[in-house]
Amino acid sequence: MNFGLTGREREMAVSEVERRLVAILVADVVGYSRLTETDEAGTLAAIRRLRREVIDPLIGEHNGRIVKLMGDGIIVEFGSVVDAVSCAVAMQKETAALQADVAPDRRIIFRTGINLGDVVVEDGDLLGDGVNVAARLQQLCDPGGVLISGTTFDHLRGKLGLPLDYAGEQHVKNIARPVRTYRVRLEGAGLPWRLRLREHANGLRWAGVIILALALAAWSAQSRFATPPVPHEPHLTIAVLPFANVGKQSGVDWLGEGIAEDIMTAVSRFRDLTVIARNSSFRYTGEHADVQKIGRDLNADFVLQGSVRRGGDRVRISVRLADANSGANRWAERYDRPFADIFAIQDEIADHVAAQLVAHARDAAVSRMQTRAPETLEAYELVLRARKAYRTFTHQGTIDGYALAEQAIAIDPDYAPAWEVLARLLNQFYTQPYDETFGTPEMLRQVRGAAEKAVALDPSYSAGHSILGFALASSGELEGGLEELRKSISLNPNDESSIGMHAEVLVRSGHYREAIEAWERRERLDPFRPPLTAALKARAHILVGEFESALALTRSCAERAPELQNCFIYLAIAANELGREEEAYAAVRRVVELNPKFTIRGLLALVRFRNETKLAGYLRRAGFPE
């Protein structure tokens, strides 16, 4: 409707509307209705006190303008995102400090959303999507937290010493496009400079202020199903070799690999670094391996080598970090400790390695994330052995690994890695035609149960989210599976296994091109990828009609893993679609030899594709039994 206005009149009306680009802060009180129902007078008095002593002074100090006040909320305009975010962080911190002696169920807690956007100014009020997005972010925010939009993040980076965590793309009401979101991490965050000056003026002395500087860059995802964005491409790449067992003591050959793996996990959590996957770096062994050749082969900047010698209840670990370009040592150390201190040694080595690498990465600072150590050394040993057995991808290896994982859980039932490796071993029984447990609903329930236990015990453990996501997808919950895998990758961006699982679930969800991109990212982390990776990537190429690429991948897979049926399933499809009927027939025959019970219906029931018609058609044309 144009309400009778001519085109010229409408044009003039639009030109007279005042617009401006501003940072909008929206905050409201969590549980306001409950608080007022319990004690209306007390709640209103507490809010008035907070406004008088905290909110209004901080808004004034940060050059803000109160646009609107509601009983349980406030909308504030700022000319700068730096001022808006600094004010929000200061509000949350001072609000909490002022109520330290208040009973938890009576405290006033705010949720805060901030957006930088274009708004319409009308009679002092602000209207438009710029305000709506801030309001939606406030609703999504955690109690006591600050959630900002991608546009805010883009203008904020490098201007404040605040740790920011990517919180995903959110679909919010009445906004067509998904909104990138970032969570301000308040615990351990450096205080905004304005607040520090204010506290100093009040005579308060600080023992120290920890400032965590993060080098962040925006990476806008093309799809909410794409591989989760990371702040930027890592500056440096490191290859960690398995530590040599110098003493060759019987029964501890697993120790060198286990120590190297734990160091890889710790270092990979620093987002400025890329860690080459174990499948590639563990091909090179020995204390005196040629680091320059390894660097060329793996495209690594640094190589970490080490040795371990155990004698009775003592252990000696030697480690050196070498520049892969020159071969020169950057750092070396030796640790002589009681064997029971193995966890502390690993943490210490990881800290030293990260410090050395970050010293060579300009403007990079890191914050270390810790994993909980098991309560007993025995459980740790068993999990290492179970992982090694799992990676054989054989029936006997799966049986042996399962027994080891169960022993670890019996010793330490609260050790998340034990439940995670148990879930992976159970998943092997579910997905491989080893015995009568293959493909059964009961086995899948066990996989999911073990994975859920791992995540419940340690929500920050990336590998737990990874296997849980895969279990959810196998149960038909593709959206839930994708979400868990995104969590896994956000916790550990260099975990090539999680990236591969994410790619697999993307294919099942029908996002073939995104899946290929994810597979390619995995390959960059792991140049010597396992054969199964090639087979699953080939399936994605098949589903977008790239049969030549699929054929090359599956031929290589079949040569490397003649016992892996997936190689031959997709080799048969690719060869048939390219008119190579004899090669296709031989591949079909090989699948049936490996799994006499193979059927198209059985495969689709196991894999759970969102749109299975296309793949089913390829399988039928290749000659597989229904």
# chains A, B, ... in the order shown; residues from 1 in each chain; ligands from 1
$ residues_around --residues "A:Arg19" --least-positions-apart "6" --cutoff "7 Å" --atoms "only C-alpha atoms" --output "JSON list (two decimals) with C-alpha atoms, in the first residue's frame"
[["chain", "number", "residue", "atom", "x", "y", "z"],
["A", 118, "ASP", "CA", 21.90, 0.68, 10.48],
["A", 119, "VAL", "CA", 18.91, 2.12, 12.36],
["A", 120, "VAL", "CA", 16.10, 4.59, 11.75],
["A", 121, "VAL", "CA", 15.84, 7.44, 14.28]]
$ atom_distance --atom1 "atom CA of A:Thr95" --atom2 "atom CA of A:Leu44"
14.9 Å
$ residues_around --residues "A:Leu543" --least-positions-apart "3" --cutoff "7 Å" --atoms "only C-alpha atoms" --output "list in words"
Tyr512, Arg539 and Ala540 of chain A
$ write_last_selection --atoms "N, CA and C atoms" --output "mmCIF file, in the first residue's frame"
data_model
loop_
_atom_site.group_PDB
_atom_site.id
_atom_site.type_symbol
_atom_site.label_atom_id
_atom_site.label_comp_id
_atom_site.auth_asym_id
_atom_site.auth_seq_id
_atom_site.Cartn_x
_atom_site.Cartn_y
_atom_site.Cartn_z
ATOM 1 N N TYR A 512 26.860 -32.010 -0.339
ATOM 2 C CA TYR A 512 27.985 -32.718 -0.954
ATOM 3 C C TYR A 512 29.189 -31.809 -1.184
ATOM 4 N N ARG A 539 32.753 -41.012 -2.452
ATOM 5 C CA ARG A 539 31.287 -41.038 -2.469
ATOM 6 C C ARG A 539 30.726 -39.634 -2.667
ATOM 7 N N ALA A 540 31.341 -38.622 -2.023
ATOM 8 C CA ALA A 540 30.887 -37.245 -2.209
ATOM 9 C C ALA A 540 31.070 -36.809 -3.657
#
$ residues_around --residues "A:Trp331" --least-positions-apart "2" --cutoff "7 Å" --atoms "only C-alpha atoms" --output "list in words"
Arg320, Leu321, Asn329 and Glu333 of chain A
$ atom_distance --atom1 "atom CA of A:Cys87" --atom2 "atom CA of A:Asn63"
9.4 Å
$ residues_around --residues "stretch 565-581 of chain A" --least-positions-apart "6" --cutoff "8 Å" --atoms "only C-alpha atoms" --output "list in words"
Pro531, Leu532, Ala534, Ala535, Leu536, Ala538, Arg539, Ile542, Phe547, Glu548, Ala550, Leu551, Thr554, Arg555, Cys557, Ala558, Ala587, Val588, Arg590, Val591, Leu594, Asn595, Tyr618, Leu619, Arg621 and Ala622 of chain A
$ atom_distance --atom1 "atom CA of A:Arg522" --atom2 "atom CA of A:Gly500"
6.3 Å
$ closest_residue --among "A:Leu186, A:Val275, A:Val607, A:Val421" --to "A:Val507" --atoms "only C-alpha atoms"
A:Val607
$ residues_around --residues "A:Ser474" --least-positions-apart "4" --cutoff "12 Å" --atoms "only C-alpha atoms" --output "short mmCIF file (atom, residue, chain, number, x, y, z; two decimals) with C-alpha atoms, in the first residue's frame"
data_model
loop_
_atom_site.label_atom_id
_atom_site.label_comp_id
_atom_site.auth_asym_id
_atom_site.auth_seq_id
_atom_site.Cartn_x
_atom_site.Cartn_y
_atom_site.Cartn_z
CA ASN A 427 31.07 -48.10 16.61
CA TYR A 430 28.27 -51.49 14.57
CA THR A 431 29.66 -50.39 11.20
CA GLY A 439 24.21 -52.85 12.18
CA THR A 440 21.99 -53.73 15.15
CA PRO A 441 19.95 -51.02 16.97
CA MET A 443 24.84 -51.81 19.34
CA LEU A 444 24.10 -48.28 18.13
CA ARG A 445 22.40 -47.52 21.47
CA VAL A 447 27.72 -46.41 21.01
CA ARG A 448 25.54 -43.42 21.78
CA ILE A 467 31.95 -39.59 18.37
CA LEU A 468 28.65 -38.44 19.87
CA GLY A 469 27.93 -36.46 16.71
CA PHE A 470 28.62 -39.49 14.57
CA LEU A 478 21.54 -35.52 11.31
CA GLU A 479 21.07 -31.97 12.61
CA GLY A 480 22.07 -32.98 16.13
CA GLY A 481 25.05 -34.86 14.76
CA LEU A 482 26.25 -31.83 12.80
CA MET A 501 33.47 -37.27 10.62
CA GLU A 504 30.86 -37.73 6.38
CA VAL A 505 27.75 -36.37 8.12
CA ARG A 508 24.62 -37.91 4.63
CA SER A 509 22.79 -34.60 5.05
CA LEU A 603 23.80 -50.21 3.42
CA LEU A 604 21.23 -47.41 3.35
CA ALA A 605 19.79 -48.50 6.71
CA LEU A 606 23.29 -48.38 8.19
CA VAL A 607 24.39 -45.05 6.69
CA ARG A 608 21.10 -43.09 7.09
CA PHE A 609 21.15 -40.71 4.13
CA ARG A 610 18.68 -37.84 4.09
#
$ residues_around --residues "A:Ile294" --least-positions-apart "3" --cutoff "9 Å" --atoms "only C-alpha atoms" --output "list of chain:residue names"
A:Ala239, A:Ser281, A:Tyr284, A:Ala289, A:Asp290, A:Val291, A:Asp297, A:Leu298, A:Asn299, A:Ala300, A:Val303, A:Ala324
$ closest_residue --among "A:Ile317, A:Ala103, A:Arg424, A:Ala503" --to "A:Arg391" --atoms "only C-alpha atoms"
A:Arg424
$ closest_residue --among "A:Arg309, A:His541, A:Arg183, A:His465" --to "A:His511" --atoms "only C-alpha atoms"
A:His541
$ select_by_dssp --residues "stretch 318-542 of chain A" --states "strand (DSSP E)" --output "mmCIF file with N, CA and C atoms, in the first residue's frame"
data_model
loop_
_atom_site.group_PDB
_atom_site.id
_atom_site.type_symbol
_atom_site.label_atom_id
_atom_site.label_comp_id
_atom_site.auth_asym_id
_atom_site.auth_seq_id
_atom_site.Cartn_x
_atom_site.Cartn_y
_atom_site.Cartn_z
ATOM 1 N N SER A 318 63.527 -37.237 26.801
ATOM 2 C CA SER A 318 64.301 -36.218 26.100
ATOM 3 C C SER A 318 63.483 -35.727 24.916
ATOM 4 N N VAL A 319 63.527 -34.438 24.671
ATOM 5 C CA VAL A 319 62.711 -33.868 23.603
ATOM 6 C C VAL A 319 63.469 -32.716 22.951
ATOM 7 N N ARG A 320 63.311 -32.569 21.636
ATOM 8 C CA ARG A 320 63.915 -31.436 20.949
ATOM 9 C C ARG A 320 62.980 -30.942 19.854
ATOM 10 N N LEU A 321 62.950 -29.638 19.697
ATOM 11 C CA LEU A 321 62.156 -28.985 18.665
ATOM 12 C C LEU A 321 63.119 -28.453 17.609
ATOM 13 N N ALA A 322 62.960 -28.900 16.365
ATOM 14 C CA ALA A 322 63.883 -28.533 15.296
ATOM 15 C C ALA A 322 63.180 -27.731 14.218
ATOM 16 N N ASP A 323 63.914 -26.767 13.653
ATOM 17 C CA ASP A 323 63.435 -26.002 12.507
ATOM 18 C C ASP A 323 63.522 -26.896 11.276
ATOM 19 N N ASN A 329 68.330 -26.990 15.881
ATOM 20 C CA ASN A 329 67.509 -27.119 17.077
ATOM 21 C C ASN A 329 67.073 -25.744 17.580
ATOM 22 N N ARG A 330 65.777 -25.622 17.902
ATOM 23 C CA ARG A 330 65.258 -24.408 18.508
ATOM 24 C C ARG A 330 65.181 -24.522 20.029
ATOM 25 N N TRP A 331 65.000 -25.738 20.481
ATOM 26 C CA TRP A 331 64.837 -25.951 21.919
ATOM 27 C C TRP A 331 65.014 -27.430 22.214
ATOM 28 N N ALA A 332 65.626 -27.732 23.344
ATOM 29 C CA ALA A 332 65.809 -29.126 23.761
ATOM 30 C C ALA A 332 65.740 -29.184 25.280
ATOM 31 N N GLU A 333 65.284 -30.307 25.793
ATOM 32 C CA GLU A 333 65.140 -30.440 27.237
ATOM 33 C C GLU A 333 65.144 -31.922 27.588
ATOM 34 N N ARG A 334 65.512 -32.216 28.843
ATOM 35 C CA ARG A 334 65.460 -33.594 29.344
ATOM 36 C C ARG A 334 64.749 -33.581 30.693
ATOM 37 N N TYR A 335 63.902 -34.576 30.899
ATOM 38 C CA TYR A 335 63.108 -34.660 32.115
ATOM 39 C C TYR A 335 63.392 -36.003 32.795
ATOM 40 N N ASP A 336 63.865 -35.947 34.034
ATOM 41 C CA ASP A 336 64.057 -37.148 34.855
ATOM 42 C C ASP A 336 63.086 -37.059 36.021
ATOM 43 N N ARG A 337 62.076 -37.899 36.004
ATOM 44 C CA ARG A 337 61.011 -37.776 37.009
ATOM 45 C C ARG A 337 60.516 -39.170 37.434
ATOM 46 N N PRO A 338 59.776 -39.209 38.538
ATOM 47 C CA PRO A 338 59.043 -40.445 38.849
ATOM 48 C C PRO A 338 58.035 -40.736 37.746
#
